[in-house]
>>> print(open('final32.cif').read())   # mmCIF, C-alpha atoms and all ligand atoms
data_input
#
loop_
_atom_site.label_atom_id
_atom_site.label_comp_id
_atom_site.auth_asym_id
_atom_site.auth_seq_id
_atom_site.Cartn_x
_atom_site.Cartn_y
_atom_site.Cartn_z
CA MET S 18 0.00 0.00 0.00
CA ASN S 19 1.31 3.43 -0.87
CA LYS S 20 0.97 5.86 1.96
CA GLU S 21 0.82 9.56 1.13
CA SER S 22 4.00 11.04 2.47
CA THR S 23 5.02 14.65 2.41
CA THR S 24 8.16 15.60 0.56
CA VAL S 25 10.21 18.35 2.14
CA ILE S 26 13.72 19.72 1.67
CA CYS S 27 16.57 18.85 4.00
CA PRO S 28 17.63 22.35 5.17
CA VAL S 29 21.32 21.42 5.28
CA CYS S 30 22.00 19.70 1.95
CA GLU S 31 18.75 20.65 0.13
CA MET S 32 17.94 17.10 -0.90
CA SER S 33 14.30 16.08 -1.09
CA VAL S 34 13.32 13.96 1.87
CA THR S 35 10.09 12.42 3.07
CA ALA S 36 8.93 13.69 6.42
CA ASP S 37 9.96 10.88 8.73
CA ASP S 38 11.51 10.57 12.15
CA LEU S 39 14.79 12.41 11.46
CA GLN S 40 13.07 15.48 12.76
CA ILE S 41 13.82 18.52 14.90
CA SER S 42 11.37 21.07 16.23
CA HIS S 43 12.91 24.50 16.29
CA GLN S 44 11.09 27.75 17.09
CA GLY S 45 7.76 26.06 16.58
CA MET S 46 8.65 24.63 13.19
CA ASN S 47 9.46 21.07 12.20
CA PHE S 48 12.54 20.33 10.14
CA TYR S 49 13.29 17.02 8.45
CA PHE S 50 16.68 15.66 7.48
CA CYS S 51 18.08 13.21 4.96
CA SER S 52 20.65 11.85 7.39
CA ALA S 53 21.93 11.91 10.94
CA GLN S 54 24.85 13.90 9.54
CA CYS S 55 22.61 16.79 8.40
CA LYS S 56 20.57 16.62 11.58
CA ASP S 57 23.69 16.98 13.74
CA ARG S 58 24.97 19.84 11.59
CA PHE S 59 21.64 21.68 11.92
CA ARG S 60 21.47 21.10 15.65
CA ALA S 61 24.95 22.59 16.13
CA ASN S 62 24.24 25.82 14.15
CA PRO S 63 20.52 26.16 13.36
CA HIS S 64 20.77 29.82 12.35
CA LEU S 65 23.04 28.95 9.44
CA TYR S 66 20.05 27.21 7.88
CA ILE S 67 16.95 29.08 9.03
CA GLY S 68 16.50 32.75 8.39
CA SER S 69 13.45 34.90 8.92
CA ALA S 70 11.15 36.70 6.51
CA GLY S 71 13.30 38.99 4.35
CA HIS S 72 16.49 37.80 6.00
CA PRO S 73 17.64 34.54 4.53
CA SER S 74 20.22 32.50 6.40
CA VAL S 75 23.72 31.95 5.05
CA LYS S 76 22.53 28.67 3.55
CA GLN S 77 19.31 30.14 2.13
CA HIS S 78 21.39 32.90 0.61
CA GLY S 79 23.04 30.18 -1.47
CA ASP S 80 26.48 30.45 0.09
CA VAL S 81 28.93 27.59 0.20
CA VAL S 82 32.04 27.55 2.37
CA LEU S 83 34.48 25.31 0.54
CA LYS S 84 37.38 23.87 2.50
CA GLN S 85 40.31 21.94 1.19
CA ARG S 86 42.29 19.72 3.52
CA SER S 87 44.87 17.01 3.49
CA LEU S 88 44.49 14.39 6.18
CA LEU S 89 47.38 12.07 6.93
CA LEU S 90 46.92 8.49 8.00
CA ASP S 91 49.42 6.56 10.10
CA GLU S 92 49.84 3.99 7.36
CA SER S 93 49.47 3.86 3.61
CA LEU S 94 46.31 2.28 2.27
CA SER S 95 46.27 -0.34 -0.43
CA SER S 96 44.44 0.73 -3.57
CA VAL S 97 41.50 -1.50 -2.58
CA GLN S 98 41.32 0.09 0.87
CA ALA S 99 41.63 3.57 -0.67
CA GLU S 100 38.72 2.79 -2.94
CA GLN S 101 36.61 1.51 -0.04
CA LEU S 102 37.37 4.59 2.03
CA SER S 103 36.59 6.88 -0.93
CA SER S 104 33.18 5.34 -1.35
CA VAL S 105 32.45 5.73 2.37
CA LEU S 106 33.41 9.41 2.24
CA ARG S 107 31.49 10.02 -0.97
CA SER S 108 28.35 8.87 0.83
CA LEU S 109 28.60 11.89 3.14
CA MET S 110 26.75 15.08 2.22
CA GLY S 111 28.81 18.06 1.09
CA ILE S 112 31.90 16.22 -0.20
CA ARG S 113 32.98 17.95 -3.43
CA LYS S 114 36.16 16.11 -4.27
CA ILE S 115 38.17 13.31 -2.76
CA HIS S 116 41.51 11.81 -3.68
CA ILE S 117 43.22 9.15 -1.60
CA GLU S 118 46.72 8.04 -2.33
CA GLY S 119 48.96 6.14 0.05
CA ASP S 120 48.67 7.73 3.47
CA ARG S 121 47.18 11.01 2.27
CA ILE S 122 43.52 11.92 1.93
CA GLN S 123 42.85 15.10 -0.04
CA ILE S 124 39.35 16.37 0.33
CA ILE S 125 37.27 19.37 -0.65
CA TYR S 126 34.00 19.89 1.18
CA ASP S 127 31.34 22.46 1.97
CA LEU S 128 31.65 23.42 5.62
CA LEU S 129 27.96 24.34 5.69
CA GLN S 130 27.14 20.68 5.08
CA VAL S 131 29.91 18.69 6.72
CA THR S 132 32.70 19.36 9.22
CA VAL S 133 36.15 17.81 9.39
CA GLN S 134 34.99 16.22 12.63
CA GLN S 135 32.18 14.40 10.83
CA ILE S 136 34.60 13.36 8.08
CA GLU S 137 37.01 11.94 10.65
CA GLN S 138 34.22 10.08 12.39
CA ALA S 139 33.34 8.45 9.08
CA ILE S 140 37.01 7.57 8.54
CA GLU S 141 37.26 6.08 12.01
CA GLN S 142 34.16 3.97 11.47
CA ALA S 143 35.47 2.82 8.10
CA GLY S 144 38.78 2.06 9.80
CA ASP S 145 37.18 -0.79 11.71
CA HIS S 146 36.69 -2.56 8.38
CA LEU S 147 39.92 -1.45 6.74
CA GLY S 148 42.28 -2.59 9.46
CA HIS S 149 44.48 -0.83 11.99
CA GLY S 150 46.25 2.39 11.17
CA VAL S 151 43.24 4.01 9.58
CA SER S 152 41.34 4.55 12.79
CA SER S 153 44.32 5.95 14.67
CA MET S 154 44.31 9.30 12.95
CA LEU S 155 46.50 12.20 13.92
CA LYS S 156 44.93 14.55 16.41
CA ARG S 157 43.18 17.39 14.62
CA SER S 158 41.52 19.22 17.48
CA PHE S 159 43.01 22.49 16.28
CA VAL S 160 41.15 22.19 12.98
CA HIS S 161 37.98 21.29 14.88
CA TYR S 162 38.34 24.41 16.94
CA LEU S 163 38.90 26.65 13.90
CA GLU S 164 35.88 25.25 12.10
CA GLU S 165 33.67 25.61 15.14
CA THR S 166 34.72 29.24 15.47
CA GLU S 167 34.12 29.90 11.79
CA LEU S 168 30.66 28.33 11.89
CA ASN S 169 29.74 30.26 15.02
CA ASN S 170 30.91 33.50 13.42
CA LEU S 171 28.86 32.82 10.29
CA GLU S 172 25.87 32.06 12.46
CA GLN S 173 26.44 35.23 14.45
CA GLN S 174 26.61 37.32 11.26
CA ALA S 175 23.34 35.83 10.10
CA ASP S 176 21.79 36.69 13.42
CA ASN S 177 23.15 40.24 13.54
CA SER S 178 21.91 41.03 10.06
CA LYS S 179 18.39 40.67 11.42
CA HIS S 180 18.94 43.59 13.74
CA CYS S 181 20.69 46.09 11.51
CA HIS S 182 18.07 46.35 8.76
ZN ZN Q 1 20.68 16.50 4.19
#
>>> encode(input="final32.cif", output="structure tokens", more="lines below")
Ligand SMILES: [Zn+2]
Amino acid sequence: MNKESTTVICPVCEMSVTADDLQISHQGMNFYFCSAQCKDRFRANPHLYIGSAGHPSVKQHGDVVLKQRSLLLDESLSSVQAEQLSSVLRSLMGIRKIHIEGDRIQIIYDLLQVTVQQIEQAIEQAGDHLGHGVSSMLKRSFVHYLEETELNNLEQQADNSKHCH
């Protein structure tokens, strides 16, 4: 039996989603998400994604915040492992480009959709299947901190713009 289900837009990655249980209520409105990844991103910085009448959010304004990073693994990956890890990372939202060779992961992503922390979590989870070395990544807390600050600043800007018009 086909049940009528409402199609809505995931506010983080703008994919069409059916209204299901990946849901957050915020300021009296319900938001639905394509993935736990987008839900977590929204929960951390809701004002990047929701604006108000006449004042679109950074995301609604159509902005992207592209980041390019190289992540180093403790050990080189075989080409099969590199391929497996690539496909895991490609399944994340917001990944623009990925190239894995040896012990180096080069990645370009939209910070409004995915953070380096989420990327590393995905790598760590994949590491359980790929063998040791992959999961024991170098510490990158400095990058985490910078991204958090940048996202908070963007969110702040979006918020301030409501008051100065
Ligand atoms: Zn999404």
>>> atom_distance(input="final32.cif", atom1="atom CA of S:Ser104", atom2="atom CA of S:His161")
23.3 Å
>>> closest_residue(input="final32.cif", among="S:Gln77, S:Ser103, S:Ser93, S:Ser52", to="S:Ser33", atoms="all atoms listed in the file")
S:Ser52
>>> residues_around(input="final32.cif", residues="stretch 24-27 of chain S", least_positions_apart="4", cutoff="7 Å", atoms="only C-alpha atoms", output="JSON, numbers by chain")
{"S": [31, 32, 33, 34, 35, 36, 49, 50, 51]}
>>> residues_around(input="final32.cif", residues="S:Gln123", least_positions_apart="3", cutoff="9 Å", atoms="only C-alpha atoms", output="PyMOL selection string")
chain S and resi 85-89+114-118
>>> closest_residue(input="final32.cif", among="S:His43, S:Gly79, S:Leu109, S:Glu167", to="ligand ZN 1 (chain Q)", atoms="only C-alpha atoms and all ligand atoms")
S:Leu109
>>> residues_around(input="final32.cif", residues="stretch 60-70 of chain S", least_positions_apart="2", cutoff="9 Å", atoms="all atoms listed in the file", output="ChimeraX atom specification")
/S:28-29,41,43,55-58,72-77,129,168-169,171-173,175-176,179
>>> atom_distance(input="final32.cif", atom1="atom CA of S:Phe59", atom2="atom CA of S:Gln101")
27.8 Å
>>> axis_aligned_box(input="final32.cif", around="stretch 121-129 of chain S", padding_each_side="6 Å", output="lines of an AutoDock Vina configuration file")
center_x = 37.6
center_y = 17.7
center_z = 2.5
size_x = 31.2
size_y = 25.3
size_z = 18.3
>>> closest_residue(input="final32.cif", among="S:Ile122, S:Ile112, S:Leu128, S:Leu163", to="S:Asp91", atoms="only C-alpha atoms")
S:Ile122
>>> closest_residue(input="final32.cif", among="S:Cys30, S:Asp80, S:Phe48, S:Ala143", to="ligand ZN 1 (chain Q)", atoms="all atoms listed in the file")
S:Cys30
>>> closest_residue(input="final32.cif", among="S:Ile124, S:Val131, S:Val160, S:Val97", to="ligand ZN 1 (chain Q)", atoms="all atoms listed in the file")
S:Val131
>>> closest_residue(input="final32.cif", among="S:Leu94, S:Gln130, S:Leu106, S:Gly45", to="ligand ZN 1 (chain Q)", atoms="only C-alpha atoms and all ligand atoms")
S:Gln130
>>> residues_around(input="final32.cif", residues="S:Tyr126", least_positions_apart="4", cutoff="6 Å", atoms="all atoms listed in the file", output="PyMOL selection string")
chain S and resi 83-84+111-113
>>> atom_distance(input="final32.cif", atom1="atom CA of S:Glu137", atom2="atom CA of S:Gln174")
27.4 Å
>>> build_atoms(input="final32.cif", residues="stretch 100-132 of chain S", atoms="N, CA and C atoms", output="PDB file, in the coordinates of the input")
ATOM      1  N   GLU S 100      39.989   2.743  -2.218  1.00  0.00           N
ATOM      2  CA  GLU S 100      38.720   2.790  -2.940  1.00  0.00           C
ATOM      3  C   GLU S 100      37.533   2.637  -1.985  1.00  0.00           C
ATOM      4  N   GLN S 101      37.683   1.712  -1.027  1.00  0.00           N
ATOM      5  CA  GLN S 101      36.610   1.510  -0.040  1.00  0.00           C
ATOM      6  C   GLN S 101      36.387   2.778   0.782  1.00  0.00           C
ATOM      7  N   LEU S 102      37.486   3.380   1.215  1.00  0.00           N
ATOM      8  CA  LEU S 102      37.370   4.590   2.030  1.00  0.00           C
ATOM      9  C   LEU S 102      36.772   5.735   1.202  1.00  0.00           C
ATOM     10  N   SER S 103      37.179   5.855  -0.052  1.00  0.00           N
ATOM     11  CA  SER S 103      36.590   6.880  -0.930  1.00  0.00           C
ATOM     12  C   SER S 103      35.088   6.738  -1.011  1.00  0.00           C
ATOM     13  N   SER S 104      34.622   5.508  -1.173  1.00  0.00           N
ATOM     14  CA  SER S 104      33.180   5.340  -1.350  1.00  0.00           C
ATOM     15  C   SER S 104      32.435   5.646  -0.062  1.00  0.00           C
ATOM     16  N   VAL S 105      33.059   5.348   1.087  1.00  0.00           N
ATOM     17  CA  VAL S 105      32.450   5.730   2.370  1.00  0.00           C
ATOM     18  C   VAL S 105      32.325   7.255   2.450  1.00  0.00           C
ATOM     19  N   LEU S 106      33.398   7.952   2.106  1.00  0.00           N
ATOM     20  CA  LEU S 106      33.410   9.410   2.240  1.00  0.00           C
ATOM     21  C   LEU S 106      32.494  10.075   1.213  1.00  0.00           C
ATOM     22  N   ARG S 107      32.401   9.482   0.037  1.00  0.00           N
ATOM     23  CA  ARG S 107      31.490  10.020  -0.970  1.00  0.00           C
ATOM     24  C   ARG S 107      30.029   9.931  -0.537  1.00  0.00           C
ATOM     25  N   SER S 108      29.737   9.018   0.375  1.00  0.00           N
ATOM     26  CA  SER S 108      28.350   8.870   0.830  1.00  0.00           C
ATOM     27  C   SER S 108      27.954   9.971   1.815  1.00  0.00           C
ATOM     28  N   LEU S 109      28.929  10.749   2.290  1.00  0.00           N
ATOM     29  CA  LEU S 109      28.600  11.890   3.140  1.00  0.00           C
ATOM     30  C   LEU S 109      28.030  13.022   2.282  1.00  0.00           C
ATOM     31  N   MET S 110      27.234  13.880   2.896  1.00  0.00           N
ATOM     32  CA  MET S 110      26.750  15.080   2.220  1.00  0.00           C
ATOM     33  C   MET S 110      27.885  16.110   2.176  1.00  0.00           C
ATOM     34  N   GLY S 111      27.931  16.895   1.111  1.00  0.00           N
ATOM     35  CA  GLY S 111      28.810  18.060   1.090  1.00  0.00           C
ATOM     36  C   GLY S 111      30.244  17.783   0.672  1.00  0.00           C
ATOM     37  N   ILE S 112      30.553  16.536   0.274  1.00  0.00           N
ATOM     38  CA  ILE S 112      31.900  16.220  -0.200  1.00  0.00           C
ATOM     39  C   ILE S 112      31.973  16.592  -1.683  1.00  0.00           C
ATOM     40  N   ARG S 113      32.876  17.502  -2.042  1.00  0.00           N
ATOM     41  CA  ARG S 113      32.980  17.950  -3.430  1.00  0.00           C
ATOM     42  C   ARG S 113      33.983  17.128  -4.215  1.00  0.00           C
ATOM     43  N   LYS S 114      35.077  16.787  -3.560  1.00  0.00           N
ATOM     44  CA  LYS S 114      36.160  16.110  -4.270  1.00  0.00           C
ATOM     45  C   LYS S 114      36.952  15.301  -3.270  1.00  0.00           C
ATOM     46  N   ILE S 115      37.357  14.112  -3.670  1.00  0.00           N
ATOM     47  CA  ILE S 115      38.170  13.310  -2.760  1.00  0.00           C
ATOM     48  C   ILE S 115      39.217  12.530  -3.555  1.00  0.00           C
ATOM     49  N   HIS S 116      40.436  12.546  -3.034  1.00  0.00           N
ATOM     50  CA  HIS S 116      41.510  11.810  -3.680  1.00  0.00           C
ATOM     51  C   HIS S 116      42.350  11.165  -2.586  1.00  0.00           C
ATOM     52  N   ILE S 117      42.449   9.855  -2.626  1.00  0.00           N
ATOM     53  CA  ILE S 117      43.220   9.150  -1.600  1.00  0.00           C
ATOM     54  C   ILE S 117      44.368   8.432  -2.283  1.00  0.00           C
ATOM     55  N   GLU S 118      45.569   8.729  -1.797  1.00  0.00           N
ATOM     56  CA  GLU S 118      46.720   8.040  -2.330  1.00  0.00           C
ATOM     57  C   GLU S 118      47.694   7.776  -1.198  1.00  0.00           C
ATOM     58  N   GLY S 119      48.032   6.494  -1.017  1.00  0.00           N
ATOM     59  CA  GLY S 119      48.960   6.140   0.050  1.00  0.00           C
ATOM     60  C   GLY S 119      48.395   6.501   1.404  1.00  0.00           C
ATOM     61  N   ASP S 120      49.115   7.369   2.126  1.00  0.00           N
ATOM     62  CA  ASP S 120      48.670   7.730   3.470  1.00  0.00           C
ATOM     63  C   ASP S 120      48.004   9.100   3.500  1.00  0.00           C
ATOM     64  N   ARG S 121      47.693   9.652   2.322  1.00  0.00           N
ATOM     65  CA  ARG S 121      47.180  11.010   2.270  1.00  0.00           C
ATOM     66  C   ARG S 121      45.771  11.062   1.679  1.00  0.00           C
ATOM     67  N   ILE S 122      44.880  11.717   2.415  1.00  0.00           N
ATOM     68  CA  ILE S 122      43.520  11.920   1.930  1.00  0.00           C
ATOM     69  C   ILE S 122      43.373  13.396   1.589  1.00  0.00           C
ATOM     70  N   GLN S 123      43.097  13.707   0.343  1.00  0.00           N
ATOM     71  CA  GLN S 123      42.850  15.100  -0.040  1.00  0.00           C
ATOM     72  C   GLN S 123      41.357  15.253  -0.278  1.00  0.00           C
ATOM     73  N   ILE S 124      40.808  16.265   0.335  1.00  0.00           N
ATOM     74  CA  ILE S 124      39.350  16.370   0.330  1.00  0.00           C
ATOM     75  C   ILE S 124      38.912  17.824   0.234  1.00  0.00           C
ATOM     76  N   ILE S 125      37.888  18.047  -0.552  1.00  0.00           N
ATOM     77  CA  ILE S 125      37.270  19.370  -0.650  1.00  0.00           C
ATOM     78  C   ILE S 125      35.813  19.211  -0.247  1.00  0.00           C
ATOM     79  N   TYR S 126      35.358  20.045   0.672  1.00  0.00           N
ATOM     80  CA  TYR S 126      34.000  19.890   1.180  1.00  0.00           C
ATOM     81  C   TYR S 126      33.395  21.237   1.516  1.00  0.00           C
ATOM     82  N   ASP S 127      32.076  21.248   1.610  1.00  0.00           N
ATOM     83  CA  ASP S 127      31.340  22.460   1.970  1.00  0.00           C
ATOM     84  C   ASP S 127      31.081  22.435   3.475  1.00  0.00           C
ATOM     85  N   LEU S 128      31.736  23.373   4.156  1.00  0.00           N
ATOM     86  CA  LEU S 128      31.650  23.420   5.620  1.00  0.00           C
ATOM     87  C   LEU S 128      30.216  23.626   6.114  1.00  0.00           C
ATOM     88  N   LEU S 129      29.349  24.175   5.264  1.00  0.00           N
ATOM     89  CA  LEU S 129      27.960  24.340   5.690  1.00  0.00           C
ATOM     90  C   LEU S 129      27.224  23.004   5.735  1.00  0.00           C
ATOM     91  N   GLN S 130      27.807  21.983   5.104  1.00  0.00           N
ATOM     92  CA  GLN S 130      27.140  20.680   5.080  1.00  0.00           C
ATOM     93  C   GLN S 130      27.853  19.611   5.895  1.00  0.00           C
ATOM     94  N   VAL S 131      29.158  19.735   6.023  1.00  0.00           N
ATOM     95  CA  VAL S 131      29.910  18.690   6.720  1.00  0.00           C
ATOM     96  C   VAL S 131      31.155  19.301   7.353  1.00  0.00           C
ATOM     97  N   THR S 132      31.507  18.845   8.543  1.00  0.00           N
ATOM     98  CA  THR S 132      32.700  19.360   9.220  1.00  0.00           C
ATOM     99  C   THR S 132      33.808  18.310   9.160  1.00  0.00           C
TER     100      THR S 132
END
